[in-house]
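J.: Contents of input20.cif (mmCIF, C-alpha atoms) are given next:
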```cif
data_run
#
loop_
_atom_site.label_atom_id
_atom_site.label_comp_id
_atom_site.auth_asym_id
_atom_site.auth_seq_id
_atom_site.Cartn_x
_atom_site.Cartn_y
_atom_site.Cartn_z
CA MET A 1 81.08 -134.65 45.07
CA ALA A 2 83.36 -137.05 46.86
CA THR A 3 83.95 -139.14 43.75
CA GLU A 4 84.66 -136.03 41.69
CA THR A 5 87.24 -134.79 44.11
CA THR A 6 89.03 -138.09 44.35
CA ALA A 7 88.99 -138.37 40.55
CA ALA A 8 90.49 -134.93 40.21
CA GLU A 9 93.23 -135.63 42.69
CA GLY A 10 96.72 -135.50 41.33
CA SER A 11 95.89 -132.98 38.65
CA SER A 12 96.32 -129.27 39.35
CA LEU A 13 92.60 -128.66 38.88
CA VAL A 14 90.93 -129.57 42.16
CA PHE A 15 87.50 -128.20 43.00
CA HIS A 16 86.16 -128.19 46.47
CA PRO A 17 83.47 -125.55 46.02
CA MET A 18 81.43 -126.85 48.92
CA ASP A 19 84.25 -127.04 51.44
CA GLN A 20 83.69 -123.38 52.35
CA PHE A 21 80.38 -124.40 53.89
CA ILE A 22 81.80 -127.02 56.26
CA VAL A 23 80.92 -126.34 59.86
CA LYS A 24 83.91 -126.97 62.06
CA ILE A 25 85.50 -126.06 65.30
CA PRO A 26 88.20 -123.52 64.42
CA ASP A 27 91.80 -124.71 64.67
CA PHE A 28 92.65 -122.44 67.61
CA LEU A 29 89.90 -124.18 69.59
CA GLY A 30 91.04 -127.69 68.71
CA GLY A 31 89.59 -128.21 65.25
CA GLY A 32 87.38 -131.05 64.08
CA THR A 33 83.88 -131.44 62.73
CA ASP A 34 82.45 -133.66 65.47
CA LEU A 35 80.17 -131.15 67.15
CA GLN A 36 78.12 -130.89 70.27
CA PHE A 37 75.24 -128.43 70.02
CA TYR A 38 77.11 -126.00 72.28
CA SER A 39 80.49 -126.30 70.50
CA ILE A 40 81.95 -122.99 69.41
CA THR A 41 82.32 -123.32 65.64
CA ASN A 42 82.97 -121.07 62.67
CA VAL A 43 79.19 -120.60 62.56
CA THR A 44 79.24 -119.32 66.14
CA ILE A 45 82.06 -116.93 65.37
CA TRP A 46 80.41 -115.45 62.28
CA LEU A 47 77.02 -115.24 63.97
CA PHE A 48 78.80 -113.32 66.71
CA PHE A 49 80.31 -110.98 64.12
CA SER A 50 76.79 -110.47 62.81
CA VAL A 51 75.69 -109.35 66.25
CA LEU A 52 78.70 -107.05 66.46
CA ALA A 53 77.88 -105.58 63.05
CA VAL A 54 74.27 -104.94 64.04
CA VAL A 55 75.31 -103.38 67.32
CA GLY A 56 77.93 -101.25 65.57
CA LEU A 57 75.57 -100.15 62.86
CA LEU A 58 72.48 -99.41 64.92
CA VAL A 59 73.72 -98.75 68.45
CA LEU A 60 77.26 -97.34 68.33
CA SER A 61 76.60 -95.20 65.26
CA THR A 62 73.62 -93.55 66.94
CA SER A 63 75.32 -93.04 70.32
CA LYS A 64 75.76 -89.30 69.67
CA ARG A 65 72.04 -88.88 68.88
CA ALA A 66 73.01 -86.12 66.50
CA ILE A 67 70.32 -83.95 64.94
CA VAL A 68 72.55 -83.67 61.89
CA PRO A 69 73.61 -87.31 61.48
CA SER A 70 77.06 -88.67 60.80
CA ARG A 71 77.46 -91.09 57.90
CA MET A 72 76.99 -94.21 59.98
CA GLN A 73 74.03 -92.72 61.80
CA SER A 74 72.51 -91.92 58.41
CA VAL A 75 72.86 -95.56 57.43
CA ALA A 76 71.17 -96.65 60.67
CA GLU A 77 68.33 -94.17 60.13
CA LEU A 78 68.03 -95.24 56.52
CA ALA A 79 67.73 -98.91 57.51
CA TYR A 80 65.19 -98.02 60.18
CA GLY A 81 63.11 -95.92 57.78
CA PHE A 82 63.38 -98.51 55.01
CA ILE A 83 61.98 -101.39 57.07
CA TYR A 84 59.53 -99.21 58.97
CA LYS A 85 58.01 -97.87 55.77
CA MET A 86 57.94 -101.33 54.20
CA LEU A 87 56.09 -102.74 57.19
CA GLU A 88 53.69 -99.79 57.38
CA ASP A 89 52.95 -99.87 53.64
CA ILE A 90 52.19 -103.58 53.62
CA CYS A 91 50.63 -104.27 57.02
CA GLY A 92 49.27 -100.86 57.94
CA LYS A 93 49.35 -99.33 61.42
CA GLU A 94 48.70 -102.63 63.21
CA GLY A 95 51.89 -104.05 61.72
CA ILE A 96 54.09 -101.51 63.53
CA LYS A 97 53.86 -103.63 66.69
CA TYR A 98 55.96 -106.30 64.97
CA PHE A 99 58.59 -103.85 63.77
CA PRO A 100 61.37 -105.03 66.14
CA TYR A 101 60.81 -108.60 64.98
CA VAL A 102 60.93 -107.76 61.27
CA MET A 103 63.89 -105.44 61.83
CA THR A 104 65.74 -108.23 63.65
CA LEU A 105 65.25 -110.57 60.71
CA PHE A 106 66.35 -107.97 58.17
CA MET A 107 69.37 -106.76 60.09
CA PHE A 108 70.55 -110.30 60.83
CA ILE A 109 70.21 -111.51 57.25
CA VAL A 110 71.71 -108.42 55.65
CA THR A 111 74.73 -108.35 57.97
CA ALA A 112 75.26 -112.12 57.69
CA ASN A 113 75.07 -111.91 53.89
CA PHE A 114 77.56 -109.07 53.67
CA LEU A 115 79.93 -110.60 56.24
CA GLY A 116 79.84 -113.76 54.12
CA LEU A 117 81.24 -111.77 51.21
CA ILE A 118 84.48 -111.12 53.07
CA PRO A 119 87.02 -113.53 51.56
CA THR A 120 87.69 -116.62 53.74
CA SER A 121 84.72 -115.78 55.92
CA PHE A 122 81.87 -118.16 56.63
CA THR A 123 78.40 -117.40 55.32
CA THR A 124 75.88 -118.39 57.97
CA THR A 125 72.89 -117.63 55.75
CA SER A 126 74.06 -120.16 53.17
CA HIS A 127 72.92 -122.94 55.51
CA PHE A 128 69.44 -124.38 55.60
CA ALA A 129 70.03 -124.93 59.31
CA VAL A 130 69.93 -121.14 59.63
CA THR A 131 67.32 -120.17 57.07
CA ILE A 132 64.80 -122.92 57.88
CA PRO A 133 64.45 -121.82 61.53
CA LEU A 134 64.10 -118.23 60.35
CA ALA A 135 61.38 -119.17 57.87
CA LEU A 136 59.69 -121.55 60.31
CA ALA A 137 59.65 -118.84 62.94
CA VAL A 138 57.88 -116.54 60.50
CA PHE A 139 55.48 -119.31 59.47
CA LEU A 140 54.61 -120.22 63.05
CA THR A 141 54.31 -116.59 64.11
CA VAL A 142 51.97 -115.81 61.24
CA THR A 143 49.84 -118.93 61.77
CA ILE A 144 49.52 -118.54 65.53
CA LEU A 145 48.99 -114.79 65.27
CA GLY A 146 46.39 -115.33 62.56
CA PHE A 147 44.33 -117.66 64.73
CA VAL A 148 44.79 -115.58 67.88
CA LYS A 149 43.76 -112.37 66.14
CA ASN A 150 40.98 -113.67 63.92
CA GLY A 151 39.97 -117.02 65.37
CA ALA A 152 38.38 -119.32 62.83
CA ALA A 153 38.00 -116.35 60.47
CA PHE A 154 41.69 -116.82 59.69
CA LEU A 155 40.65 -119.85 57.61
CA GLY A 156 38.95 -117.34 55.30
CA LEU A 157 42.44 -116.86 53.91
CA PHE A 158 41.95 -120.16 52.06
CA TRP A 159 38.35 -119.53 51.02
CA VAL A 160 38.51 -117.19 48.03
CA SER A 161 35.11 -115.53 48.34
CA SER A 162 35.57 -113.52 45.15
CA ALA A 163 35.83 -116.70 43.03
CA PRO A 164 32.82 -118.64 41.68
CA LEU A 165 31.41 -121.01 44.29
CA ALA A 166 32.26 -124.14 42.29
CA LEU A 167 35.92 -123.16 42.10
CA ARG A 168 36.31 -122.32 45.75
CA PRO A 169 37.06 -125.83 47.12
CA ILE A 170 39.72 -126.34 44.46
CA LEU A 171 41.20 -122.93 45.15
CA ALA A 172 41.11 -123.70 48.85
CA ILE A 173 43.29 -126.77 48.31
CA ILE A 174 45.71 -124.77 46.15
CA GLU A 175 45.82 -121.96 48.72
CA LEU A 176 46.40 -124.47 51.51
CA ILE A 177 49.28 -126.09 49.65
CA SER A 178 50.82 -122.76 48.77
CA TYR A 179 50.47 -121.70 52.40
CA PHE A 180 52.46 -124.71 53.60
CA VAL A 181 55.04 -124.33 50.85
CA ARG A 182 55.76 -120.79 52.04
CA PRO A 183 58.37 -121.67 54.69
CA VAL A 184 60.10 -124.02 52.25
CA SER A 185 60.42 -121.46 49.46
CA HIS A 186 61.10 -118.74 51.98
CA SER A 187 64.13 -120.53 53.43
CA ILE A 188 65.48 -122.26 50.33
CA ARG A 189 65.36 -119.04 48.29
CA LEU A 190 67.71 -117.30 50.70
CA ALA A 191 70.13 -120.15 51.37
CA GLY A 192 70.08 -121.29 47.75
CA ASN A 193 70.92 -117.88 46.32
CA VAL A 194 73.71 -117.24 48.75
CA MET A 195 75.17 -120.75 48.49
CA ALA A 196 75.05 -120.82 44.69
CA GLY A 197 76.86 -117.50 44.35
CA HIS A 198 79.61 -118.52 46.75
CA ALA A 199 80.03 -121.92 45.11
CA VAL A 200 80.29 -120.37 41.65
CA ILE A 201 82.95 -117.95 42.85
CA LYS A 202 84.85 -120.90 44.30
CA VAL A 203 84.62 -122.80 40.99
CA PHE A 204 85.99 -119.80 39.10
CA ALA A 205 88.73 -119.55 41.72
CA GLY A 206 89.60 -123.20 40.98
CA PHE A 207 90.04 -122.36 37.29
CA ALA A 208 92.50 -119.62 38.24
CA ALA A 209 95.07 -122.37 38.82
CA ILE A 210 95.46 -122.67 35.04
CA ALA A 211 97.65 -119.78 33.90
CA VAL A 212 95.96 -119.31 30.51
CA ILE A 213 92.47 -119.09 31.92
CA SER A 214 93.33 -117.20 35.07
CA PRO A 215 92.71 -113.63 33.73
CA VAL A 216 89.25 -114.68 32.59
CA SER A 217 88.76 -116.41 35.90
CA VAL A 218 89.71 -113.32 37.88
CA LEU A 219 87.38 -111.17 35.77
CA ALA A 220 84.60 -113.70 36.26
CA ILE A 221 85.17 -113.72 40.03
CA THR A 222 85.03 -109.91 40.05
CA ALA A 223 81.78 -109.90 38.10
CA MET A 224 80.29 -112.63 40.28
CA TYR A 225 81.35 -110.76 43.39
CA GLY A 226 79.53 -107.66 42.19
CA LEU A 227 76.47 -109.73 41.52
CA GLU A 228 76.75 -111.32 44.96
CA VAL A 229 76.84 -107.91 46.63
CA LEU A 230 73.55 -107.22 44.91
CA VAL A 231 72.17 -110.63 45.85
CA ALA A 232 73.23 -110.19 49.47
CA PHE A 233 71.01 -107.14 49.80
CA ILE A 234 68.19 -108.26 47.54
CA GLN A 235 67.75 -111.59 49.30
CA ALA A 236 67.60 -109.89 52.69
CA TYR A 237 65.07 -107.48 51.22
CA VAL A 238 63.02 -110.28 49.67
CA PHE A 239 63.01 -112.28 52.89
CA THR A 240 61.86 -109.25 54.85
CA ILE A 241 59.19 -108.12 52.41
CA LEU A 242 57.77 -111.66 52.25
CA THR A 243 57.69 -111.70 56.04
CA CYS A 244 55.67 -108.49 55.89
CA VAL A 245 53.32 -109.94 53.30
CA TYR A 246 52.75 -113.08 55.38
CA LEU A 247 52.24 -110.93 58.45
CA LYS A 248 49.59 -108.98 56.56
CA ASP A 249 47.73 -112.26 55.97
CA ALA A 250 47.66 -112.85 59.71
CA LEU A 251 46.40 -109.33 60.41
CA HIS A 252 43.93 -109.03 57.52
CA PRO A 253 43.12 -112.57 56.34
CA SER A 254 40.34 -111.55 53.91
CA HIS A 255 41.33 -111.46 50.28
CA MET B 1 91.23 -128.34 52.40
CA ALA B 2 93.53 -130.63 54.22
CA THR B 3 96.17 -132.28 52.10
CA GLU B 4 97.01 -134.85 54.69
CA PRO B 5 94.45 -137.51 55.48
CA ILE B 6 93.04 -136.79 58.90
CA ALA B 7 92.29 -139.40 61.48
CA GLU B 8 89.20 -141.43 60.71
CA GLU B 9 87.55 -140.64 64.03
CA LEU B 10 87.82 -136.88 63.39
CA ALA B 11 86.03 -137.20 60.09
CA GLY B 12 82.29 -137.35 60.59
CA SER B 13 79.68 -138.59 58.19
CA CYS B 14 79.75 -135.28 56.35
CA VAL B 15 83.48 -134.87 55.77
CA ASP B 16 85.80 -137.33 54.08
CA SER B 17 89.20 -138.30 55.39
CA TYR B 18 90.82 -135.41 53.51
CA GLY B 19 88.63 -132.83 55.29
CA SER B 20 86.54 -132.19 52.20
CA ALA B 21 82.79 -132.05 52.22
CA ILE B 22 80.81 -135.13 51.30
CA GLY B 23 77.83 -133.81 49.35
CA MET B 24 76.31 -130.58 50.51
CA PRO B 25 77.42 -129.48 53.98
CA GLN B 26 74.05 -127.74 54.15
CA LEU B 27 72.41 -131.15 54.37
CA CYS B 28 74.63 -132.53 57.14
CA PHE B 29 72.07 -132.98 59.88
CA ASP B 30 74.77 -133.72 62.46
CA TRP B 31 75.57 -130.02 62.43
CA PHE B 32 72.00 -128.73 62.65
CA PRO B 33 71.66 -128.62 66.46
CA ASN B 34 74.82 -126.59 66.81
CA GLN B 35 73.82 -124.09 64.13
CA ILE B 36 70.26 -123.75 65.38
CA PHE B 37 71.42 -123.34 68.98
CA TRP B 38 73.76 -120.48 68.12
CA LEU B 39 71.29 -118.96 65.69
CA VAL B 40 68.62 -118.75 68.37
CA ILE B 41 71.06 -117.09 70.76
CA THR B 42 72.10 -114.65 68.02
CA LEU B 43 68.54 -113.74 67.14
CA VAL B 44 67.55 -113.29 70.77
CA VAL B 45 70.55 -111.02 71.37
CA ILE B 46 69.87 -108.97 68.24
CA PHE B 47 66.17 -108.75 69.10
CA LEU B 48 66.90 -107.55 72.63
CA VAL B 49 69.49 -105.04 71.44
CA LEU B 50 67.14 -103.68 68.78
CA SER B 51 63.96 -103.55 70.82
CA ARG B 52 65.57 -102.25 74.03
CA VAL B 53 68.25 -99.89 72.74
CA ALA B 54 68.61 -99.29 69.04
CA LEU B 55 65.07 -98.83 67.77
CA PRO B 56 63.77 -96.57 70.58
CA ARG B 57 66.91 -94.49 70.24
CA ILE B 58 66.60 -94.09 66.48
CA ALA B 59 62.89 -93.35 66.83
CA ALA B 60 63.75 -90.67 69.40
CA ILE B 61 66.40 -89.18 67.11
CA LEU B 62 63.99 -89.05 64.18
CA ALA B 63 61.22 -87.56 66.34
CA GLU B 64 63.61 -84.99 67.75
CA ARG B 65 64.77 -84.04 64.28
CA GLN B 66 61.17 -83.74 63.13
CA GLY B 67 60.48 -81.54 66.15
CA THR B 68 63.50 -79.36 65.43
CA ILE B 69 62.46 -78.98 61.81
CA THR B 70 58.91 -78.08 62.82
CA ASN B 71 60.19 -75.56 65.37
CA ASP B 72 62.54 -74.02 62.83
CA LEU B 73 59.74 -73.74 60.31
CA ALA B 74 57.52 -72.10 62.92
CA ALA B 75 60.31 -69.69 63.85
CA ALA B 76 60.82 -68.88 60.17
CA GLU B 77 57.09 -68.26 59.80
CA ASP B 78 57.24 -65.99 62.85
CA LEU B 79 60.17 -64.01 61.47
CA LYS B 80 58.42 -63.69 58.15
CA ALA B 81 55.32 -62.31 59.86
CA LYS B 82 57.54 -59.87 61.75
CA ALA B 83 59.16 -58.76 58.52
CA VAL B 84 55.75 -58.16 56.98
CA GLU B 85 54.71 -56.22 60.06
CA ALA B 86 57.86 -54.09 59.92
CA GLU B 87 57.24 -53.37 56.27
CA GLU B 88 53.69 -52.32 57.04
CA ALA B 89 54.89 -50.02 59.80
CA TYR B 90 57.46 -48.55 57.45
CA ASN B 91 54.83 -47.98 54.79
CA LYS B 92 52.52 -46.41 57.35
CA VAL B 93 55.24 -44.05 58.54
CA LEU B 94 56.01 -43.19 54.94
CA ALA B 95 52.35 -42.46 54.18
CA ASP B 96 52.05 -40.33 57.35
CA ALA B 97 55.11 -38.36 56.39
CA ARG B 98 53.72 -37.81 52.93
CA THR B 99 50.36 -36.50 54.19
CA GLU B 100 52.18 -34.30 56.70
CA ALA B 101 54.33 -32.90 53.93
CA GLN B 102 51.26 -32.27 51.80
CA ARG B 103 49.52 -30.59 54.71
CA ILE B 104 52.52 -28.31 55.36
CA ALA B 105 52.78 -27.50 51.68
CA ALA B 106 49.05 -26.65 51.49
CA GLU B 107 49.34 -24.48 54.60
CA ALA B 108 52.29 -22.62 53.18
CA ARG B 109 50.48 -22.17 49.93
CA ALA B 110 47.41 -20.84 51.72
CA GLU B 111 49.53 -18.47 53.76
CA ILE B 112 51.28 -17.19 50.68
CA GLN B 113 47.94 -16.90 48.92
CA SER B 114 46.42 -14.82 51.72
CA GLY B 115 49.50 -12.59 51.82
CA LEU B 116 49.24 -12.21 48.11
CA ASP B 117 45.53 -11.38 48.34
CA ASP B 118 46.23 -8.71 50.96
CA ALA B 119 48.96 -7.22 48.84
CA ILE B 120 46.73 -7.28 45.77
CA ALA B 121 43.87 -5.61 47.69
CA GLU B 122 46.23 -2.98 49.03
CA ALA B 123 47.62 -2.42 45.58
CA ASP B 124 44.09 -2.19 44.20
CA LEU B 125 43.17 0.40 46.82
CA GLU B 126 46.25 2.36 46.03
CA ILE B 127 45.55 2.09 42.35
CA ALA B 128 41.95 3.20 42.91
CA ALA B 129 43.09 6.17 44.99
CA LYS B 130 45.64 7.13 42.36
CA THR B 131 43.03 6.71 39.62
CA ALA B 132 40.58 8.92 41.47
CA GLU B 133 43.27 11.53 42.00
CA SER B 134 44.21 11.40 38.36
CA GLU B 135 40.59 11.64 37.27
CA LYS B 136 40.14 14.62 39.53
CA ALA B 137 43.25 16.24 38.06
CA ILE B 138 42.00 15.46 34.55
CA ALA B 139 38.58 16.96 35.41
CA ASP B 140 40.27 20.07 36.78
CA ILE B 141 42.39 20.32 33.71
CA ARG B 142 39.34 19.84 31.49
CA ALA B 143 37.34 22.50 33.41
CA SER B 144 40.14 24.99 33.26
CA ALA B 145 40.58 24.22 29.56
CA LEU B 146 36.85 24.80 28.98
CA ASP B 147 37.01 28.16 30.75
CA SER B 148 40.01 29.16 28.73
CA ILE B 149 38.23 28.12 25.53
CA GLN B 150 35.19 30.27 26.46
CA VAL B 151 37.33 33.26 27.24
CA VAL B 152 39.27 32.87 23.99
CA ALA B 153 36.06 32.25 22.01
CA LYS B 154 34.33 35.31 23.44
CA ASP B 155 37.37 37.42 22.80
CA THR B 156 37.74 36.08 19.26
CA ALA B 157 34.04 36.47 18.55
CA ALA B 158 34.08 40.05 19.81
CA GLU B 159 37.12 40.79 17.70
CA LEU B 160 35.49 39.18 14.62
CA VAL B 161 32.31 41.13 15.08
CA THR B 162 34.28 44.34 15.50
CA ALA B 163 36.42 43.56 12.47
CA LEU B 164 33.31 43.01 10.34
CA GLY B 165 32.11 46.40 11.26
CA GLY B 166 29.54 45.47 13.78
CA LYS B 167 29.21 46.41 17.31
CA ALA B 168 30.17 43.77 19.74
CA ASP B 169 27.33 43.02 22.03
CA ALA B 170 29.07 41.32 24.97
CA LYS B 171 25.89 39.74 26.30
CA ALA B 172 24.86 38.18 22.97
CA ILE B 173 28.33 36.85 22.33
CA ASP B 174 28.51 35.25 25.84
CA SER B 175 25.19 33.47 25.37
CA VAL B 176 26.16 32.19 21.89
CA VAL B 177 29.59 31.00 23.00
CA ASP B 178 28.11 29.34 26.07
CA ALA B 179 25.56 27.59 23.89
CA GLN B 180 28.21 26.46 21.41
CA THR B 181 30.72 25.18 23.98
CA LYS B 182 28.10 23.37 26.05
CA GLY B 183 27.40 20.81 23.40
#
```
Written as structure tokens, how would this file's structure read?
T.:
Amino acid sequence: MATETTAAEGSSLVFHPMDQFIVKIPDFLGGGTDLQFYSITNVTIWLFFSVLAVVGLLVLSTSKRAIVPSRMQSVAELAYGFIYKMLEDICGKEGIKYFPYVMTLFMFIVTANFLGLIPTSFTTTSHFAVTIPLALAVFLTVTILGFVKNGAAFLGLFWVSSAPLALRPILAIIELISYFVRPVSHSIRLAGNVMAGHAVIKVFAGFAAIAVISPVSVLAITAMYGLEVLVAFIQAYVFTILTCVYLKDALHPSH
Amino acid sequence: MATEPIAEELAGSCVDSYGSAIGMPQLCFDWFPNQIFWLVITLVVIFLVLSRVALPRIAAILAERQGTITNDLAAAEDLKAKAVEAEEAYNKVLADARTEAQRIAAEARAEIQSGLDDAIAEADLEIAAKTAESEKAIADIRASALDSIQVVAKDTAAELVTALGGKADAKAIDSVVDAQTKG
């Protein structure tokens, strides 16, 4: 990327599609990219906005506790019912205990994704540093919970008892690998989708500098933006539903 | 996107001297601790807000709404039952009124009938009395007519006998006329 940008310097067509993902201390706090772990950065600010959005959506909107809900309260109830039903359908009644945890994941990802679609904002969920801890948390929760709830029987998850006996060791290896790949795919899927969409929009925005192409570019950005709105929700949904599916493995490890 | 080169010491291993990203900023491990630190804080805050405030509140709202709906349905069921009851009472009153009306009508009819029967009986008696009277009158008339006929017949017979040159025997004529008029 660095060589490309230096090569393109001087011409009007300069792409820095990845610059939007740079973590830095905002200018009003001194600027710079040399960070301590406690430095307040653009990540901090947009994570904070995420918290604000969640509080606004789920707490402030329901403050009236209206029997006939206002619009925002309807959205809050809809989100609640959506995740609650998903968890109940997949994990059954025992899964309801983990509802606040699953809801936290969903609400954080969905608000972070949508906040990232605001122009000039920073998309926290486009970073592996954010999605890997999320996925690892799910992975560790499921693994620990699986062993605590089922003991050694949790290993039955890898022993496909419905398969012919000769195949079972091979399947066990495949299952084991797929189990450990889960957090990788889980985190990269989310960050990759969000990052790719934002980078593509930025590339199209770079083309807008050329007057002849700019109408096409603007149309393409509009189309991409629509797609990204979809992706923002779908990826949050996918992350959450996979969390539920993994949680089901911990609660009912038999195939 | 800085256009001016920034100081070398401000540029880390992930950003070049123009402030542009070197490679993918997602893979700049220098920034990981910062992001993870703030992420954990964010998640903890969201989790606490959701589990302590938002989710119980929304659950309460939904339960309350469900309760209200159930109550309203029960009330509606109640009102419906009342309506059915009222209709039954109305129908009962209507049926009572109808039987009462029929009873009154039957009574009136019976009363009229008995009055009529009395009148008819009275009329019959009267008619019978009149008939008897008339028959008696007719019998009188017939008797008197019979007597007259006998007198006339005897007279005529006596005259005829005399005219034929015989001698009228009053006793013989009386017996003959009596025998003739009897039949």
J.: Evaluate the PyMOL selection byres ((chain A) within 8 of (chain B)) against this structure - the residues, as an MDAnalysis selection string, please.
T.: chainID A and resid 1:2 16 18:19 21:23 32:39 43:44 47:48 51 54:55 58:59 62 65:67 76:77 80 100:101 103:105 108 126:130 133
J.: Any idea what the distance is between atom CA of A:Val194 and atom CA of A:Phe239?
T.: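 Going from atom CA of A:Val194 over to atom CA of A:Phe239 covers 12.5 Å.
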J.: Please report the interatomic distance between atom CA of A:Arg168 and atom CA of A:Val184 in Å with one decimal.
T.: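 According to the coordinates, atom CA of A:Arg168 and atom CA of A:Val184 are separated by 24.7 Å.
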J.: Report the residues retrieved by the PyMOL selection byres ((chain A and resi 222) around 12) from the displayed file, expressed as a ChimeraX atom specification.
T.: /A:117,197,200-202,204-205,215-221,223-229
J.: Between atom CA of A:Leu176 and atom CA of A:Thr125, what is the spacing in Å?
T.: 27.7 Å
J.: Can you tell me, as an mmCIF file with C-alpha atoms, in the coordinates of the input, what residues are no more than 10 Å from stretch 171-179 of chain B when counting only C-alpha atoms, ignoring any on the same chain fewer than 4 positions away?
T.:
```cif
data_model
loop_
_atom_site.group_PDB
_atom_site.id
_atom_site.type_symbol
_atom_site.label_atom_id
_atom_site.label_comp_id
_atom_site.auth_asym_id
_atom_site.auth_seq_id
_atom_site.Cartn_x
_atom_site.Cartn_y
_atom_site.Cartn_z
ATOM 1 C CA ILE B 149 38.230 28.120 25.530
ATOM 2 C CA GLN B 150 35.190 30.270 26.460
ATOM 3 C CA VAL B 151 37.330 33.260 27.240
ATOM 4 C CA VAL B 152 39.270 32.870 23.990
ATOM 5 C CA ALA B 153 36.060 32.250 22.010
ATOM 6 C CA LYS B 154 34.330 35.310 23.440
ATOM 7 C CA ASP B 155 37.370 37.420 22.800
ATOM 8 C CA THR B 156 37.740 36.080 19.260
ATOM 9 C CA ALA B 157 34.040 36.470 18.550
ATOM 10 C CA ALA B 158 34.080 40.050 19.810
ATOM 11 C CA VAL B 161 32.310 41.130 15.080
ATOM 12 C CA GLY B 183 27.400 20.810 23.400
#
```
J.: Quick one: axis-aligned box around all listed atoms of stretch 121-126 of chain A, 8 Å on every side, centre and edge lengths in Å to one decimal, written as JSON.
T.:
```
{"center_x": 78.8, "center_y": -118.0, "center_z": 55.6, "size_x": 27.8, "size_y": 20.4, "size_z": 20.8}
```
J.: Mind checking which residues fall within 8 Å of A:Phe154, counting all atoms listed in the file, ignoring those fewer than 4 positions away in the same chain, and posting them as number ranges by chain?
T.: A: 146-147, 150, 250, 253-254
J.: Quick check on the file I pasted: which residues fall under the PyMOL selection byres ((chain A and resi 238) around 12)? Write them as a count of residues only.
T.: 27
